[in-house]
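S.K.: Sharing run16.txt here; it has compact mmCIF, C-alpha atoms and all ligand atoms.
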# COMPACT_ATOMS: atom_id res chain seq x y z
CA MET A 1 82.59 -145.11 -106.18
CA SER A 2 85.57 -145.83 -108.43
CA LYS A 3 85.04 -148.63 -110.96
CA ILE A 4 87.29 -150.76 -113.15
CA GLU A 5 87.08 -149.03 -116.52
CA ARG A 6 89.70 -150.88 -118.57
CA ALA A 7 91.70 -154.11 -118.34
CA GLU A 8 94.36 -154.68 -120.97
CA VAL A 9 96.58 -157.73 -121.51
CA PHE A 10 100.05 -157.21 -123.01
CA VAL A 11 102.14 -160.07 -124.38
CA ALA A 12 105.67 -159.04 -125.36
CA SER A 13 109.16 -160.54 -125.44
CA PRO A 14 111.64 -157.93 -124.10
CA GLY A 15 114.57 -160.29 -123.37
CA ARG A 16 112.02 -163.07 -122.78
CA THR A 17 108.23 -163.36 -122.94
CA PHE A 18 106.03 -161.71 -120.30
CA VAL A 19 102.26 -161.39 -119.98
CA THR A 20 101.18 -158.23 -118.15
CA LEU A 21 97.71 -157.18 -117.04
CA ARG A 22 97.01 -153.44 -116.70
CA ILE A 23 93.81 -152.39 -114.91
CA THR A 24 92.68 -148.76 -115.08
CA THR A 25 89.96 -147.34 -112.81
CA SER A 26 87.38 -144.63 -113.53
CA ASP A 27 89.61 -142.33 -111.44
CA GLY A 28 92.52 -143.01 -113.78
CA VAL A 29 94.45 -145.12 -111.26
CA VAL A 30 96.51 -147.89 -112.92
CA GLY A 31 97.44 -151.27 -111.44
CA LEU A 32 99.75 -153.94 -112.90
CA GLY A 33 99.74 -157.73 -112.54
CA ASP A 34 102.19 -160.33 -113.85
CA ALA A 35 100.44 -163.15 -115.76
CA THR A 36 103.49 -164.94 -117.13
CA LEU A 37 103.43 -168.75 -117.27
CA ASN A 38 106.67 -169.84 -118.91
CA GLY A 39 105.98 -171.83 -122.09
CA ARG A 40 102.18 -171.46 -121.84
CA GLU A 41 101.87 -167.66 -121.92
CA LEU A 42 99.07 -167.38 -124.48
CA ALA A 43 96.83 -169.70 -122.46
CA VAL A 44 96.83 -167.20 -119.58
CA ALA A 45 96.54 -164.22 -121.94
CA SER A 46 93.40 -165.78 -123.42
CA TYR A 47 92.00 -166.74 -120.01
CA LEU A 48 92.32 -163.12 -119.02
CA ARG A 49 91.20 -161.45 -122.27
CA ASP A 50 88.40 -163.85 -123.18
CA HIS A 51 87.09 -164.95 -119.79
CA LEU A 52 88.06 -162.54 -117.00
CA VAL A 53 88.27 -159.04 -118.52
CA PRO A 54 84.51 -158.97 -119.31
CA LEU A 55 83.86 -159.77 -115.62
CA LEU A 56 86.16 -157.00 -114.34
CA ILE A 57 84.65 -154.02 -116.13
CA GLY A 58 82.43 -151.97 -113.82
CA LYS A 59 83.54 -153.79 -110.66
CA ASP A 60 84.81 -152.01 -107.52
CA PRO A 61 88.65 -152.24 -107.54
CA ALA A 62 88.75 -151.79 -103.76
CA ARG A 63 87.04 -155.16 -103.12
CA ILE A 64 90.16 -157.31 -103.51
CA GLU A 65 89.07 -160.27 -101.35
CA ASP A 66 85.62 -160.32 -102.91
CA MET A 67 87.16 -160.31 -106.40
CA TRP A 68 89.44 -163.18 -105.43
CA GLN A 69 86.52 -165.30 -104.20
CA TYR A 70 84.43 -164.33 -107.22
CA LEU A 71 87.08 -165.38 -109.73
CA TYR A 72 88.16 -168.52 -107.85
CA LYS A 73 84.74 -169.92 -106.97
CA GLY A 74 83.06 -168.47 -110.03
CA ALA A 75 85.30 -170.48 -112.35
CA TYR A 76 83.81 -173.74 -110.99
CA TRP A 77 86.91 -175.53 -112.37
CA ARG A 78 89.39 -174.93 -109.61
CA ARG A 79 93.12 -174.46 -109.23
CA GLY A 80 95.77 -175.19 -111.86
CA PRO A 81 98.57 -172.93 -113.15
CA VAL A 82 96.58 -171.15 -115.88
CA THR A 83 93.56 -170.25 -113.75
CA MET A 84 95.65 -169.28 -110.72
CA THR A 85 98.12 -167.20 -112.75
CA ALA A 86 95.22 -165.25 -114.26
CA ILE A 87 93.66 -164.71 -110.82
CA SER A 88 97.12 -163.75 -109.49
CA ALA A 89 97.46 -161.01 -112.10
CA VAL A 90 94.07 -159.47 -111.24
CA ASP A 91 94.77 -159.67 -107.51
CA THR A 92 98.22 -158.11 -107.81
CA ALA A 93 96.91 -155.27 -109.99
CA LEU A 94 94.20 -154.49 -107.42
CA TRP A 95 96.77 -154.34 -104.60
CA ASP A 96 98.83 -151.96 -106.76
CA ILE A 97 95.74 -149.76 -107.18
CA LYS A 98 94.90 -149.92 -103.47
CA GLY A 99 98.39 -148.77 -102.56
CA LYS A 100 98.20 -145.87 -105.01
CA VAL A 101 94.75 -144.82 -103.71
CA ALA A 102 96.02 -145.02 -100.10
CA GLY A 103 99.27 -143.23 -101.01
CA LEU A 104 101.28 -146.10 -99.47
CA PRO A 105 103.78 -148.70 -100.71
CA VAL A 106 102.02 -152.10 -100.71
CA TYR A 107 104.12 -153.49 -97.82
CA GLN A 108 102.52 -150.87 -95.57
CA LEU A 109 99.13 -152.42 -96.39
CA LEU A 110 100.49 -155.87 -95.45
CA GLY A 111 101.43 -154.96 -91.88
CA GLY A 112 104.52 -152.83 -92.47
CA ARG A 113 108.14 -153.83 -92.23
CA SER A 114 109.19 -156.87 -90.18
CA ARG A 115 112.82 -156.55 -91.41
CA ASP A 116 115.21 -154.04 -92.87
CA GLY A 117 115.72 -155.91 -96.13
CA VAL A 118 114.96 -159.14 -97.99
CA LEU A 119 117.77 -161.73 -98.11
CA VAL A 120 118.19 -163.04 -101.67
CA TYR A 121 120.06 -165.80 -103.44
CA SER A 122 121.18 -165.92 -107.05
CA HIS A 123 122.31 -168.63 -109.47
CA ALA A 124 125.94 -169.74 -109.81
CA SER A 125 126.53 -172.43 -112.42
CA GLY A 126 129.18 -174.03 -114.57
CA ARG A 127 129.79 -176.52 -117.34
CA ASP A 128 132.13 -178.22 -114.88
CA THR A 129 133.18 -177.86 -111.25
CA ALA A 130 135.99 -175.39 -111.98
CA GLU A 131 133.66 -173.04 -113.85
CA LEU A 132 131.07 -173.34 -111.10
CA LEU A 133 133.62 -172.42 -108.42
CA ASP A 134 134.61 -169.29 -110.38
CA ASP A 135 130.95 -168.34 -110.65
CA VAL A 136 130.32 -168.85 -106.93
CA GLU A 137 133.34 -166.63 -106.23
CA ARG A 138 131.87 -163.96 -108.51
CA PHE A 139 128.57 -163.87 -106.64
CA LEU A 140 130.27 -163.83 -103.24
CA SER A 141 132.44 -160.92 -104.40
CA LEU A 142 129.23 -159.09 -105.42
CA GLY A 143 128.09 -159.30 -101.81
CA TYR A 144 125.57 -162.15 -102.03
CA LYS A 145 125.12 -163.97 -98.74
CA ALA A 146 123.39 -166.91 -100.42
CA VAL A 147 124.23 -168.67 -103.69
CA ARG A 148 122.62 -171.54 -105.57
CA ALA A 149 125.08 -173.96 -107.22
CA GLN A 150 124.33 -176.05 -110.31
CA ALA A 151 126.79 -177.76 -112.68
CA ALA A 152 126.45 -179.88 -115.81
CA VAL A 153 126.77 -183.63 -115.27
CA PRO A 154 129.69 -184.74 -117.51
CA GLU A 155 128.17 -187.94 -118.84
CA VAL A 156 124.91 -186.33 -119.90
CA GLY A 157 125.99 -182.95 -121.25
CA GLY A 158 123.49 -180.19 -120.52
CA THR A 159 121.87 -180.28 -117.10
CA TYR A 160 119.27 -178.07 -115.46
CA GLY A 161 120.43 -174.67 -114.34
CA VAL A 162 123.65 -174.17 -116.31
CA ARG A 163 123.69 -170.60 -117.63
CA LYS A 164 124.78 -169.94 -121.20
CA GLY A 165 124.61 -166.14 -121.42
CA LYS A 166 124.29 -163.37 -118.83
CA LEU A 167 121.14 -164.89 -117.31
CA TYR A 168 119.94 -168.49 -117.04
CA GLU A 169 117.06 -168.84 -119.51
CA PRO A 170 115.60 -172.35 -119.92
CA ALA A 171 112.83 -171.40 -122.37
CA ALA A 172 115.16 -170.71 -125.26
CA THR A 173 113.77 -172.63 -128.25
CA ALA A 174 110.76 -172.32 -130.59
CA LEU A 175 109.95 -175.99 -129.82
CA PRO A 176 110.89 -177.99 -126.70
CA ASP A 177 114.60 -178.81 -126.61
CA GLU A 178 114.98 -182.49 -125.64
CA GLN A 179 117.75 -182.79 -123.08
CA PRO A 180 119.34 -186.07 -121.88
CA TRP A 181 119.17 -187.10 -118.23
CA ASP A 182 120.81 -189.84 -116.18
CA THR A 183 119.93 -190.01 -112.49
CA GLU A 184 122.84 -192.25 -111.46
CA ALA A 185 125.37 -189.93 -113.08
CA TYR A 186 123.76 -186.96 -111.30
CA LEU A 187 123.71 -188.72 -107.91
CA ASN A 188 127.41 -189.60 -108.29
CA PHE A 189 128.49 -186.14 -109.45
CA ALA A 190 126.38 -183.42 -107.82
CA PRO A 191 127.57 -184.08 -104.22
CA THR A 192 131.18 -183.73 -105.41
CA TYR A 193 130.76 -180.20 -106.72
CA LEU A 194 128.74 -179.09 -103.69
CA GLU A 195 131.55 -180.44 -101.47
CA ALA A 196 134.07 -178.59 -103.66
CA VAL A 197 132.18 -175.33 -103.09
CA ARG A 198 132.32 -175.77 -99.31
CA GLU A 199 136.01 -176.82 -99.43
CA ARG A 200 136.92 -173.70 -101.42
CA PHE A 201 134.67 -171.09 -99.75
CA GLY A 202 133.76 -172.51 -96.35
CA PHE A 203 130.46 -172.20 -94.49
CA GLY A 204 130.17 -168.43 -94.14
CA PHE A 205 127.34 -168.16 -96.69
CA HIS A 206 124.14 -170.03 -97.57
CA LEU A 207 124.56 -172.71 -100.25
CA LEU A 208 121.47 -173.90 -102.11
CA HIS A 209 120.85 -176.53 -104.77
CA ASP A 210 117.89 -177.24 -107.06
CA VAL A 211 117.29 -180.93 -107.83
CA HIS A 212 114.47 -179.76 -110.09
CA HIS A 213 111.93 -182.57 -109.54
CA ARG A 214 114.24 -185.29 -110.89
CA LEU A 215 114.54 -187.93 -108.19
CA THR A 216 112.31 -190.60 -106.72
CA PRO A 217 111.65 -190.14 -103.00
CA LEU A 218 114.29 -192.74 -102.06
CA GLU A 219 116.86 -191.27 -104.47
CA ALA A 220 116.11 -187.87 -102.92
CA ALA A 221 116.66 -189.36 -99.47
CA ARG A 222 119.98 -190.78 -100.66
CA PHE A 223 120.98 -187.40 -102.14
CA GLY A 224 119.93 -185.53 -98.98
CA LYS A 225 122.05 -187.84 -96.82
CA ALA A 226 125.04 -187.58 -99.17
CA VAL A 227 125.09 -183.78 -99.02
CA GLU A 228 124.49 -183.39 -95.26
CA PRO A 229 128.20 -182.48 -94.69
CA CYS A 230 127.68 -179.56 -97.14
CA ARG A 231 125.09 -178.07 -94.79
CA LEU A 232 122.85 -176.82 -97.61
CA TYR A 233 120.38 -174.05 -96.91
CA TRP A 234 118.02 -176.28 -98.87
CA MET A 235 117.72 -178.92 -101.53
CA GLU A 236 114.93 -177.77 -103.81
CA ASP A 237 112.25 -179.81 -105.53
CA PRO A 238 113.94 -183.13 -104.62
CA THR A 239 110.98 -185.08 -106.01
CA PRO A 240 107.80 -184.06 -107.90
CA ALA A 241 105.59 -182.40 -105.27
CA GLU A 242 102.18 -183.41 -106.63
CA ASN A 243 102.61 -186.42 -104.38
CA GLN A 244 102.95 -184.53 -101.11
CA GLU A 245 103.05 -187.76 -99.06
CA ALA A 246 106.24 -188.81 -100.89
CA PHE A 247 108.14 -186.26 -98.82
CA ARG A 248 107.52 -188.33 -95.66
CA LEU A 249 110.06 -190.86 -96.91
CA ILE A 250 112.69 -188.19 -97.63
CA ARG A 251 112.12 -186.67 -94.21
CA GLN A 252 112.77 -190.01 -92.49
CA HIS A 253 116.27 -190.27 -93.93
CA THR A 254 117.88 -186.88 -94.00
CA THR A 255 118.21 -183.57 -92.16
CA THR A 256 119.04 -181.64 -95.33
CA PRO A 257 116.37 -178.89 -95.42
CA ILE A 258 113.77 -179.17 -98.19
CA ALA A 259 112.14 -176.46 -100.33
CA THR A 260 109.34 -176.95 -102.83
CA GLY A 261 106.32 -175.22 -104.32
CA GLU A 262 107.31 -173.11 -107.32
CA VAL A 263 105.14 -175.20 -109.66
CA LEU A 264 102.26 -175.36 -107.15
CA ASN A 265 99.51 -172.79 -107.15
CA SER A 266 97.21 -173.06 -104.15
CA ILE A 267 97.19 -173.61 -100.39
CA TRP A 268 95.69 -177.05 -100.95
CA ASP A 269 98.71 -178.08 -103.04
CA VAL A 270 101.05 -177.45 -100.10
CA GLN A 271 98.69 -178.16 -97.19
CA THR A 272 100.08 -181.60 -96.25
CA LEU A 273 103.66 -180.53 -96.93
CA ILE A 274 103.21 -177.70 -94.43
CA THR A 275 100.98 -179.24 -91.77
CA GLU A 276 103.13 -182.39 -91.56
CA GLN A 277 106.31 -180.27 -91.65
CA LEU A 278 107.57 -182.25 -94.64
CA ILE A 279 109.29 -179.14 -96.00
CA ASP A 280 111.26 -176.28 -94.46
CA TYR A 281 110.59 -173.61 -97.11
CA VAL A 282 107.54 -173.03 -99.28
CA ARG A 283 108.34 -171.61 -102.74
CA THR A 284 104.94 -170.57 -104.05
CA THR A 285 104.80 -167.16 -105.73
CA VAL A 286 102.70 -164.04 -106.22
CA VAL A 287 102.37 -164.75 -109.96
CA HIS A 288 101.36 -168.43 -109.88
CA ALA A 289 99.66 -168.94 -106.49
CA GLY A 290 96.75 -166.54 -106.47
CA GLY A 291 98.46 -163.19 -106.01
CA LEU A 292 99.25 -161.43 -102.73
CA THR A 293 95.87 -162.36 -101.22
CA HIS A 294 96.32 -166.12 -101.52
CA LEU A 295 100.09 -166.20 -101.08
CA ARG A 296 99.68 -164.40 -97.75
CA ARG A 297 97.30 -167.20 -96.67
CA ILE A 298 99.87 -169.85 -97.63
CA PHE A 299 102.60 -168.00 -95.74
CA ASP A 300 100.41 -167.62 -92.66
CA LEU A 301 99.62 -171.37 -92.65
CA ALA A 302 103.34 -172.06 -93.05
CA ALA A 303 104.13 -169.81 -90.08
CA LEU A 304 101.96 -171.99 -87.80
CA TYR A 305 104.24 -174.98 -88.56
CA GLY A 306 107.65 -173.35 -88.53
CA VAL A 307 107.87 -173.41 -92.32
CA ARG A 308 109.56 -170.36 -93.81
CA THR A 309 109.06 -168.65 -97.16
CA GLY A 310 111.48 -169.09 -100.06
CA SER A 311 109.63 -167.84 -103.11
CA HIS A 312 110.64 -168.63 -106.64
CA GLY A 313 112.17 -165.65 -108.46
CA ALA A 314 113.60 -166.75 -111.79
CA THR A 315 113.82 -164.46 -114.84
CA ASP A 316 110.42 -165.69 -116.02
CA LEU A 317 108.77 -163.88 -113.11
CA SER A 318 108.44 -160.29 -114.29
CA PRO A 319 109.61 -157.21 -112.35
CA VAL A 320 105.93 -156.72 -111.41
CA SER A 321 105.63 -159.98 -109.49
CA MET A 322 109.15 -159.58 -108.12
CA ALA A 323 108.19 -156.17 -106.73
CA ALA A 324 105.03 -157.62 -105.19
CA ALA A 325 107.06 -160.50 -103.75
CA VAL A 326 109.45 -158.11 -101.98
CA HIS A 327 106.57 -156.08 -100.53
CA LEU A 328 105.25 -159.31 -98.98
CA ASP A 329 108.71 -160.69 -98.06
CA VAL A 330 109.59 -157.57 -96.06
CA ALA A 331 106.34 -157.85 -94.05
CA VAL A 332 105.71 -161.53 -93.25
CA PRO A 333 107.11 -162.84 -89.95
CA ASN A 334 108.27 -166.22 -91.35
CA PHE A 335 110.31 -164.94 -94.27
CA GLY A 336 113.23 -167.19 -95.24
CA ILE A 337 114.83 -166.13 -98.50
CA GLN A 338 113.87 -164.76 -101.91
CA GLU A 339 115.22 -166.07 -105.20
CA TYR A 340 116.46 -163.22 -107.36
CA MET A 341 118.09 -163.59 -110.75
CA GLY A 342 117.60 -160.09 -112.09
CA HIS A 343 116.34 -159.39 -115.60
CA ALA A 344 117.72 -158.62 -119.07
CA ASP A 345 118.35 -154.99 -120.09
CA GLU A 346 115.50 -155.24 -122.63
CA THR A 347 113.13 -156.29 -119.85
CA LEU A 348 114.12 -153.29 -117.76
CA GLU A 349 113.41 -150.99 -120.72
CA VAL A 350 109.77 -152.10 -120.53
CA PHE A 351 109.30 -152.56 -116.76
CA ARG A 352 110.54 -149.46 -114.97
CA GLY A 353 111.18 -149.26 -111.24
CA GLY A 354 111.02 -152.02 -108.66
CA PRO A 355 113.06 -153.19 -105.64
CA THR A 356 116.74 -152.26 -105.28
CA LEU A 357 119.57 -154.69 -104.50
CA ALA A 358 122.21 -153.78 -101.93
CA ALA A 359 124.63 -156.05 -100.00
CA GLY A 360 122.76 -159.22 -100.92
CA MET A 361 119.35 -157.87 -99.92
CA LEU A 362 116.41 -156.46 -101.86
CA HIS A 363 114.59 -153.35 -100.63
CA PRO A 364 111.04 -152.44 -101.67
CA THR A 365 110.19 -149.12 -103.27
CA GLU A 366 108.63 -146.45 -101.03
CA VAL A 367 106.30 -144.99 -103.69
CA PRO A 368 102.55 -145.74 -103.50
CA GLY A 369 101.60 -149.15 -104.88
CA LEU A 370 104.03 -151.79 -106.15
CA GLY A 371 106.49 -149.27 -107.61
CA VAL A 372 106.71 -150.62 -111.17
CA GLU A 373 105.52 -149.01 -114.42
CA TYR A 374 104.92 -150.71 -117.78
CA ASP A 375 106.17 -148.89 -120.89
CA GLU A 376 103.73 -150.01 -123.58
CA LYS A 377 105.60 -148.16 -126.34
CA ALA A 378 108.90 -149.83 -125.45
CA ALA A 379 107.13 -153.19 -125.33
CA GLU A 380 105.99 -152.74 -128.93
CA ARG A 381 109.64 -153.04 -129.95
CA TYR A 382 109.63 -156.63 -128.64
CA PRO A 383 106.82 -158.61 -130.27
CA TYR A 384 105.83 -161.96 -128.83
CA GLU A 385 108.10 -164.93 -129.59
CA ALA A 386 106.87 -168.45 -128.81
CA ARG A 387 109.38 -170.20 -126.54
CA TYR A 388 109.16 -173.59 -124.84
CA LEU A 389 110.74 -175.07 -121.75
CA PRO A 390 112.89 -178.16 -122.42
CA VAL A 391 111.79 -181.78 -122.07
CA ALA A 392 114.10 -184.28 -120.36
CA ARG A 393 114.60 -187.80 -121.68
CA ARG A 394 116.42 -190.63 -119.92
CA LEU A 395 119.23 -192.35 -121.81
CA ASP A 396 116.72 -195.03 -122.89
CA GLY A 397 114.64 -192.33 -124.58
CA SER A 398 111.74 -192.24 -122.09
CA VAL A 399 110.47 -188.89 -120.83
CA HIS A 400 111.70 -187.74 -117.41
CA ASP A 401 110.85 -184.74 -115.21
CA TRP A 402 112.66 -181.71 -116.58
C1 LIG A 501 114.06 -172.93 -111.35
C2 LIG A 501 113.53 -172.15 -112.50
O1 LIG A 501 114.64 -170.85 -110.43
C3 LIG A 501 114.35 -172.03 -110.18
O2 LIG A 501 114.29 -172.51 -109.05
O3 LIG A 501 113.31 -174.01 -110.96
O4 LIG A 501 114.63 -171.80 -113.28
C4 LIG A 501 112.51 -172.85 -113.38
O5 LIG A 501 113.14 -173.90 -114.07
C5 LIG A 501 111.94 -171.84 -114.35
O6 LIG A 501 111.42 -170.76 -113.63
C6 LIG A 501 110.84 -172.48 -115.18
O7 LIG A 501 110.23 -171.51 -115.99
MG MG A 502 113.48 -174.43 -108.90
In structure tokens, what does this structure look like?
M.R.:
Amino acid sequence: MSKIERAEVFVASPGRTFVTLRITTSDGVVGLGDATLNGRELAVASYLRDHLVPLLIGKDPARIEDMWQYLYKGAYWRRGPVTMTAISAVDTALWDIKGKVAGLPVYQLLGGRSRDGVLVYSHASGRDTAELLDDVERFLSLGYKAVRAQAAVPEVGGTYGVRKGKLYEPAATALPDEQPWDTEAYLNFAPTYLEAVRERFGFGFHLLHDVHHRLTPLEAARFGKAVEPCRLYWMEDPTPAENQEAFRLIRQHTTTPIATGEVLNSIWDVQTLITEQLIDYVRTTVVHAGGLTHLRRIFDLAALYGVRTGSHGATDLSPVSMAAAVHLDVAVPNFGIQEYMGHADETLEVFRGGPTLAAGMLHPTEVPGLGVEYDEKAAERYPYEARYLPVARRLDGSVHDW
């Protein structure tokens, strides 16, 4: 029987920081898992190196479900982003190994194709409405069928989601950047630029918007009503989702579809949201919600209630978890859409392979496993750099949800 012989944790910053788990079996088969938790990377690296790696050595890599239960229940302290990201990395690496041993791409192990390709959306943004409109036009001209729109709110300067360079990168400073926030200014301005997008480009593509956890339930209801004429594909994270019941109030007031879940990491964190149909898309991911094994469970629960998938896919999810995401996206029956921002050139020097983008859709690799390789030598050229996500403060100085 093949055994897990080695489990190595790599922390490197090629374009941005990523934590990658590499498991090698006694037969020399290698599996990769993404263990990146933006702004708290070393916590997961230590959880893996100091607490999980000693448990992996000598274990049977084929027993994926058993490993999941062993790591989840064996921790005693359950759930949370650090624990679940570490478990996700192990789970994903074992699916990579299983695909390589079977000689099949991972989607074939998940039931095979349900669709020809995976619809994606990317991020258009601007420092003002005019710049945003130009950016939307750029993505539409690239063939995207779905575009997220975010613009800075004039009175409060920087706002969530406004790209500075080639890619939107929020974790850009060695200590948290404190950014101003004013809800009233946002509520007055954001609907105007979403309307401007529809006025300029019409309704022939999906338009998405990320509120990014910033409103109270009633403010979110007000925003949802205000943007109903824009016919959004979704408004994302309208209010912090720890309080799942809060979404009942939003639901009572607006038909704007709702997506949430990128900061959540288990089926229990989205159980009420799904079973009470308080959301339309669940955004949990391979890297933060327990790997393919657990994410498949979440997606199957969602399917029972007409909730579709809409997984998070920002630049801080490595090509490994993006590849795993597309293998699952192409197979599940209730797929909705996949976020896809691409990665920096430096990142792609280290992570080789992965899904291909064509006509606004991602396509999984056909090689055995996940289809991504990690170039350890290239990674050594990009030593770890500590980076933090920003903190938002209201105009009175009090901390707000970033
Ligand atoms: C955002 C992310 O892509 C999204 O929907 O919410 O940019 C998020 O802010 C980052 O992934 C946080 O690391
Ligand atoms: Mg988001």
S.K.: Residues near region 387-392 of chain A, anyone? I mean within 8 Å using all atoms listed in the file, not counting same-chain ones fewer than 5 positions away, as a list in words.
M.R.: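 Selected residues are Thr17, Asn38, Gly39, Arg40, Pro170, Ala171, Ala172, Thr173, Ala174, Leu175, Pro176, Asp177, Glu178, Gln179, Pro180, Trp181, Val399, His400, Asp401 and Trp402 of chain A.
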S.K.: Give me a file of those residues, with C-alpha atoms, as an mmCIF file, in the coordinates of the input.
M.R.:
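Contents of the output file part_20.cif:
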data_model
loop_
_atom_site.group_PDB
_atom_site.id
_atom_site.type_symbol
_atom_site.label_atom_id
_atom_site.label_comp_id
_atom_site.auth_asym_id
_atom_site.auth_seq_id
_atom_site.Cartn_x
_atom_site.Cartn_y
_atom_site.Cartn_z
ATOM 1 C CA THR A 17 108.230 -163.360 -122.940
ATOM 2 C CA ASN A 38 106.670 -169.840 -118.910
ATOM 3 C CA GLY A 39 105.980 -171.830 -122.090
ATOM 4 C CA ARG A 40 102.180 -171.460 -121.840
ATOM 5 C CA PRO A 170 115.600 -172.350 -119.920
ATOM 6 C CA ALA A 171 112.830 -171.400 -122.370
ATOM 7 C CA ALA A 172 115.160 -170.710 -125.260
ATOM 8 C CA THR A 173 113.770 -172.630 -128.250
ATOM 9 C CA ALA A 174 110.760 -172.320 -130.590
ATOM 10 C CA LEU A 175 109.950 -175.990 -129.820
ATOM 11 C CA PRO A 176 110.890 -177.990 -126.700
ATOM 12 C CA ASP A 177 114.600 -178.810 -126.610
ATOM 13 C CA GLU A 178 114.980 -182.490 -125.640
ATOM 14 C CA GLN A 179 117.750 -182.790 -123.080
ATOM 15 C CA PRO A 180 119.340 -186.070 -121.880
ATOM 16 C CA TRP A 181 119.170 -187.100 -118.230
ATOM 17 C CA VAL A 399 110.470 -188.890 -120.830
ATOM 18 C CA HIS A 400 111.700 -187.740 -117.410
ATOM 19 C CA ASP A 401 110.850 -184.740 -115.210
ATOM 20 C CA TRP A 402 112.660 -181.710 -116.580
#
S.K.: What residues have an atom no more than 12 Å from (85.2, -152.4, -107.8) in the file's own frame, counting only C-alpha atoms, and can you write them as a PyMOL selection string?
M.R.: chain A and resi 1-6+23-27+55-68+70+90+94+97-98
S.K.: Dump C-alpha atoms for the selected residues as a CSV table (one decimal), in the frame of the given file?
M.R.:
chain,number,residue,atom,x,y,z
A,1,MET,CA,82.6,-145.1,-106.2
A,2,SER,CA,85.6,-145.8,-108.4
A,3,LYS,CA,85.0,-148.6,-111.0
A,4,ILE,CA,87.3,-150.8,-113.2
A,5,GLU,CA,87.1,-149.0,-116.5
A,6,ARG,CA,89.7,-150.9,-118.6
A,23,ILE,CA,93.8,-152.4,-114.9
A,24,THR,CA,92.7,-148.8,-115.1
A,25,THR,CA,90.0,-147.3,-112.8
A,26,SER,CA,87.4,-144.6,-113.5
A,27,ASP,CA,89.6,-142.3,-111.4
A,55,LEU,CA,83.9,-159.8,-115.6
A,56,LEU,CA,86.2,-157.0,-114.3
A,57,ILE,CA,84.6,-154.0,-116.1
A,58,GLY,CA,82.4,-152.0,-113.8
A,59,LYS,CA,83.5,-153.8,-110.7
A,60,ASP,CA,84.8,-152.0,-107.5
A,61,PRO,CA,88.6,-152.2,-107.5
A,62,ALA,CA,88.8,-151.8,-103.8
A,63,ARG,CA,87.0,-155.2,-103.1
A,64,ILE,CA,90.2,-157.3,-103.5
A,65,GLU,CA,89.1,-160.3,-101.4
A,66,ASP,CA,85.6,-160.3,-102.9
A,67,MET,CA,87.2,-160.3,-106.4
A,68,TRP,CA,89.4,-163.2,-105.4
A,70,TYR,CA,84.4,-164.3,-107.2
A,90,VAL,CA,94.1,-159.5,-111.2
A,94,LEU,CA,94.2,-154.5,-107.4
A,97,ILE,CA,95.7,-149.8,-107.2
A,98,LYS,CA,94.9,-149.9,-103.5
S.K.: Could you give me the residues within 12 Å of ligand MG 502 (chain A), counting all atoms listed in the file, as a short mmCIF file (atom, residue, chain, number, x, y, z; two decimals) with C-alpha atoms, keeping the file's coordinate frame?
M.R.:
data_model
loop_
_atom_site.label_atom_id
_atom_site.label_comp_id
_atom_site.auth_asym_id
_atom_site.auth_seq_id
_atom_site.Cartn_x
_atom_site.Cartn_y
_atom_site.Cartn_z
CA SER A 122 121.18 -165.92 -107.05
CA HIS A 123 122.31 -168.63 -109.47
CA ARG A 148 122.62 -171.54 -105.57
CA ALA A 149 125.08 -173.96 -107.22
CA GLN A 150 124.33 -176.05 -110.31
CA TYR A 160 119.27 -178.07 -115.46
CA GLY A 161 120.43 -174.67 -114.34
CA TYR A 168 119.94 -168.49 -117.04
CA PRO A 170 115.60 -172.35 -119.92
CA LEU A 208 121.47 -173.90 -102.11
CA HIS A 209 120.85 -176.53 -104.77
CA ASP A 210 117.89 -177.24 -107.06
CA VAL A 211 117.29 -180.93 -107.83
CA HIS A 212 114.47 -179.76 -110.09
CA HIS A 213 111.93 -182.57 -109.54
CA ARG A 214 114.24 -185.29 -110.89
CA TRP A 234 118.02 -176.28 -98.87
CA MET A 235 117.72 -178.92 -101.53
CA GLU A 236 114.93 -177.77 -103.81
CA ASP A 237 112.25 -179.81 -105.53
CA PRO A 238 113.94 -183.13 -104.62
CA THR A 239 110.98 -185.08 -106.01
CA PRO A 240 107.80 -184.06 -107.90
CA ALA A 241 105.59 -182.40 -105.27
CA ILE A 258 113.77 -179.17 -98.19
CA ALA A 259 112.14 -176.46 -100.33
CA THR A 260 109.34 -176.95 -102.83
CA GLY A 261 106.32 -175.22 -104.32
CA GLU A 262 107.31 -173.11 -107.32
CA VAL A 263 105.14 -175.20 -109.66
CA LEU A 264 102.26 -175.36 -107.15
CA VAL A 282 107.54 -173.03 -99.28
CA ARG A 283 108.34 -171.61 -102.74
CA THR A 284 104.94 -170.57 -104.05
CA THR A 285 104.80 -167.16 -105.73
CA GLY A 310 111.48 -169.09 -100.06
CA SER A 311 109.63 -167.84 -103.11
CA HIS A 312 110.64 -168.63 -106.64
CA GLY A 313 112.17 -165.65 -108.46
CA ALA A 314 113.60 -166.75 -111.79
CA THR A 315 113.82 -164.46 -114.84
CA ASP A 316 110.42 -165.69 -116.02
CA GLN A 338 113.87 -164.76 -101.91
CA GLU A 339 115.22 -166.07 -105.20
CA TYR A 340 116.46 -163.22 -107.36
CA MET A 341 118.09 -163.59 -110.75
CA TRP A 402 112.66 -181.71 -116.58
#
S.K.: So which one's closest to Gly336 (chain A), A:Pro383, A:Gly103, A:Gly117, A:Pro54? Using all atoms listed in the file, please.
M.R.: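 Among the listed residues, A:Gly117 lies closest to Gly336 (chain A).
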S.K.: Using all atoms listed in the file, which residues sit within 7 Å of region 183-197 of chain A once same-chain residues fewer than 2 positions away are excluded, as a list in words?
M.R.: Thr129, Leu133, Val153, Glu155, Trp181, Glu199, Arg200, Phe201, Phe223, Ala226, Val227 and Cys230 of chain A
